[in-house]
Amino acid sequence: MSNTLNSDKKSLLLALISGMSISALLSAFSVPGFSFSIFPLICLVLSVQAMYQQYLKSPVAEDFPMLGLGSFFIGFFGHTAFIKAQYPDAGTNFFSIIVTMVLLVWVGRRLGYFGQTN
């Protein structure tokens, strides 16, 4: 039980890192003044590879695909909000912050941090 829980949390963290990496890659091409770096691409490849190895090693829980997708979007929109705070010319970060906060609360409730789980 504990090993499965640690495995699920590891996969959620890898999904978060993948979302941040994709956001960094897209920001390099769409945000003026944001320079391109090869490190988000390396990070994306390594996190997807580790997630795939984790998938092969242990079974996936029933609700993990939705939690993994939520974690991916938390990373994506969280990094987007951070970039837009650094580069105000890229636009407002209100939508990114709201989506990140709603997804954080949803994932937290599903994991049992905010009371009863479904």
# chains A, B, ... in the order shown; residues from 1 in each chain; ligands from 1
call {"tool": "residues_around", "arguments": {"residues": "Pro65 (chain A)", "least_positions_apart": "5", "cutoff": "12 Å", "atoms": "only C-alpha atoms", "output": "PyMOL selection string"}}
result
chain A and resi 8+11-12+15+55+59-60+70-72+107
call {"tool": "write_last_selection", "arguments": {"atoms": "C-alpha atoms", "output": "tab-separated table (two decimals), in the first residue's frame"}}
result
chain	number	residue	atom	x	y	z
A	8	ASP	CA	1.73	7.42	-7.46
A	11	SER	CA	4.37	9.80	-11.09
A	12	LEU	CA	2.44	12.95	-10.15
A	15	ALA	CA	3.83	14.83	-14.60
A	55	TYR	CA	4.38	2.78	-15.59
A	59	PRO	CA	0.23	-0.86	-12.04
A	60	VAL	CA	-1.64	2.39	-12.49
A	70	GLY	CA	-4.28	17.64	-13.44
A	71	SER	CA	-0.71	17.60	-12.16
A	72	PHE	CA	0.60	18.16	-15.69
A	107	VAL	CA	-5.81	17.40	-6.78
call {"tool": "closest_atom_pairs", "arguments": {"of": "region 7-51 of chain A", "to": "region 73-91 of chain A", "cutoff": "10 Å", "atoms": "only C-alpha atoms", "output": "JSON lines"}}
result
{"residue": "A:Leu13", "atom": "CA", "partner": "A:Gly75", "partner_atom": "CA", "distance": 9.2}
{"residue": "A:Leu14", "atom": "CA", "partner": "A:Gly75", "partner_atom": "CA", "distance": 9.8}
{"residue": "A:Ala15", "atom": "CA", "partner": "A:Gly75", "partner_atom": "CA", "distance": 7.8}
{"residue": "A:Leu16", "atom": "CA", "partner": "A:Gly75", "partner_atom": "CA", "distance": 4.6}
{"residue": "A:Ile17", "atom": "CA", "partner": "A:Gly75", "partner_atom": "CA", "distance": 6.4}
{"residue": "A:Ser18", "atom": "CA", "partner": "A:Gly75", "partner_atom": "CA", "distance": 7.4}
{"residue": "A:Gly19", "atom": "CA", "partner": "A:Phe76", "partner_atom": "CA", "distance": 4.3}
{"residue": "A:Met20", "atom": "CA", "partner": "A:Gly75", "partner_atom": "CA", "distance": 4.6}
{"residue": "A:Ser21", "atom": "CA", "partner": "A:Phe76", "partner_atom": "CA", "distance": 7.7}
{"residue": "A:Ile22", "atom": "CA", "partner": "A:Phe76", "partner_atom": "CA", "distance": 6.9}
{"residue": "A:Ser23", "atom": "CA", "partner": "A:Phe76", "partner_atom": "CA", "distance": 5.2}
{"residue": "A:Ala24", "atom": "CA", "partner": "A:His79", "partner_atom": "CA", "distance": 7.3}
{"residue": "A:Leu26", "atom": "CA", "partner": "A:Thr80", "partner_atom": "CA", "distance": 9.4}
{"residue": "A:Ser27", "atom": "CA", "partner": "A:Thr80", "partner_atom": "CA", "distance": 7.7}
{"residue": "A:Ser30", "atom": "CA", "partner": "A:Ala90", "partner_atom": "CA", "distance": 8.5}
{"residue": "A:Val31", "atom": "CA", "partner": "A:Ala90", "partner_atom": "CA", "distance": 5.9}
{"residue": "A:Pro32", "atom": "CA", "partner": "A:Ala90", "partner_atom": "CA", "distance": 7.4}
{"residue": "A:Gly33", "atom": "CA", "partner": "A:Tyr87", "partner_atom": "CA", "distance": 7.9}
{"residue": "A:Phe34", "atom": "CA", "partner": "A:Tyr87", "partner_atom": "CA", "distance": 8.1}
call {"tool": "write_last_selection", "arguments": {"atoms": "C-alpha atoms", "output": "PDB file, in the first residue's frame"}}
result
ATOM      1  CA  LEU A  13       5.693  14.811  -9.541  1.00  0.00           C
ATOM      2  CA  LEU A  14       7.043  13.650 -12.901  1.00  0.00           C
ATOM      3  CA  ALA A  15       3.832  14.830 -14.600  1.00  0.00           C
ATOM      4  CA  LEU A  16       4.268  18.233 -12.906  1.00  0.00           C
ATOM      5  CA  ILE A  17       7.861  18.459 -14.156  1.00  0.00           C
ATOM      6  CA  SER A  18       6.752  17.490 -17.663  1.00  0.00           C
ATOM      7  CA  GLY A  19       4.164  20.273 -17.666  1.00  0.00           C
ATOM      8  CA  MET A  20       6.723  22.827 -16.537  1.00  0.00           C
ATOM      9  CA  SER A  21       9.171  21.667 -19.213  1.00  0.00           C
ATOM     10  CA  ILE A  22       6.638  21.953 -22.025  1.00  0.00           C
ATOM     11  CA  SER A  23       5.632  25.401 -20.794  1.00  0.00           C
ATOM     12  CA  ALA A  24       9.277  26.482 -20.806  1.00  0.00           C
ATOM     13  CA  LEU A  26       6.641  26.973 -25.603  1.00  0.00           C
ATOM     14  CA  SER A  27       7.606  30.170 -23.770  1.00  0.00           C
ATOM     15  CA  SER A  30       6.253  32.686 -27.929  1.00  0.00           C
ATOM     16  CA  VAL A  31       7.456  35.163 -25.272  1.00  0.00           C
ATOM     17  CA  PRO A  32       9.658  37.974 -26.583  1.00  0.00           C
ATOM     18  CA  GLY A  33      12.782  38.345 -24.478  1.00  0.00           C
ATOM     19  CA  PHE A  34      12.656  34.795 -23.119  1.00  0.00           C
TER      20      PHE A  34
END
call {"tool": "atom_distance", "arguments": {"atom1": "CA of Gln53 (chain A)", "atom2": "CA of Lys9 (chain A)"}}
result
14.4 Å
call {"tool": "select_by_dssp", "arguments": {"residues": "region 82-116 of chain A", "states": "alpha helix (DSSP H)", "output": "PyMOL selection string"}}
result
chain A and resi 82-86+94-111
call {"tool": "residues_around", "arguments": {"residues": "Leu111 (chain A)", "least_positions_apart": "2", "cutoff": "12 Å", "atoms": "only C-alpha atoms", "output": "list in words"}}
result
Leu5, Asp8, Lys9, Leu12, Asp63, Phe64, Met66, Leu67, Gly68, Gly70, Ser71, Leu104, Val105, Trp106, Val107, Gly108, Arg109, Tyr113, Phe114, Gly115, Gln116, Thr117 and Asn118 of chain A
call {"tool": "write_last_selection", "arguments": {"atoms": "C-alpha atoms", "output": "PDB file, in the first residue's frame"}}
result
ATOM      1  CA  LEU A   5       1.246   5.529  -2.738  1.00  0.00           C
ATOM      2  CA  ASP A   8       1.729   7.423  -7.462  1.00  0.00           C
ATOM      3  CA  LYS A   9       3.255  10.514  -5.876  1.00  0.00           C
ATOM      4  CA  LEU A  12       2.439  12.951 -10.146  1.00  0.00           C
ATOM      5  CA  ASP A  63      -7.993   7.540 -10.676  1.00  0.00           C
ATOM      6  CA  PHE A  64      -4.384   8.255 -11.619  1.00  0.00           C
ATOM      7  CA  MET A  66      -7.059  12.288 -14.215  1.00  0.00           C
ATOM      8  CA  LEU A  67      -4.734  13.177 -11.330  1.00  0.00           C
ATOM      9  CA  GLY A  68      -1.718  12.921 -13.635  1.00  0.00           C
ATOM     10  CA  GLY A  70      -4.277  17.643 -13.444  1.00  0.00           C
ATOM     11  CA  SER A  71      -0.710  17.597 -12.157  1.00  0.00           C
ATOM     12  CA  LEU A 104      -4.299  22.447  -6.858  1.00  0.00           C
ATOM     13  CA  VAL A 105      -7.436  22.338  -4.720  1.00  0.00           C
ATOM     14  CA  TRP A 106      -8.939  19.580  -6.886  1.00  0.00           C
ATOM     15  CA  VAL A 107      -5.811  17.396  -6.775  1.00  0.00           C
ATOM     16  CA  GLY A 108      -5.437  18.067  -3.044  1.00  0.00           C
ATOM     17  CA  ARG A 109      -9.007  16.940  -2.395  1.00  0.00           C
ATOM     18  CA  TYR A 113      -5.320  16.623   1.912  1.00  0.00           C
ATOM     19  CA  PHE A 114      -8.525  18.699   2.223  1.00  0.00           C
ATOM     20  CA  GLY A 115     -10.977  16.321   3.860  1.00  0.00           C
ATOM     21  CA  GLN A 116     -12.961  13.418   2.469  1.00  0.00           C
ATOM     22  CA  THR A 117     -12.020  11.784  -0.833  1.00  0.00           C
ATOM     23  CA  ASN A 118     -14.542  10.549  -3.368  1.00  0.00           C
TER      24      ASN A 118
END
call {"tool": "atom_distance", "arguments": {"atom1": "CA of Leu46 (chain A)", "atom2": "CA of Lys10 (chain A)"}}
result
13.5 Å
call {"tool": "residues_around", "arguments": {"residues": "Leu41 (chain A)", "least_positions_apart": "3", "cutoff": "8 Å", "atoms": "only C-alpha atoms", "output": "PyMOL selection string"}}
result
chain A and resi 21-22+25+37-38+44-45
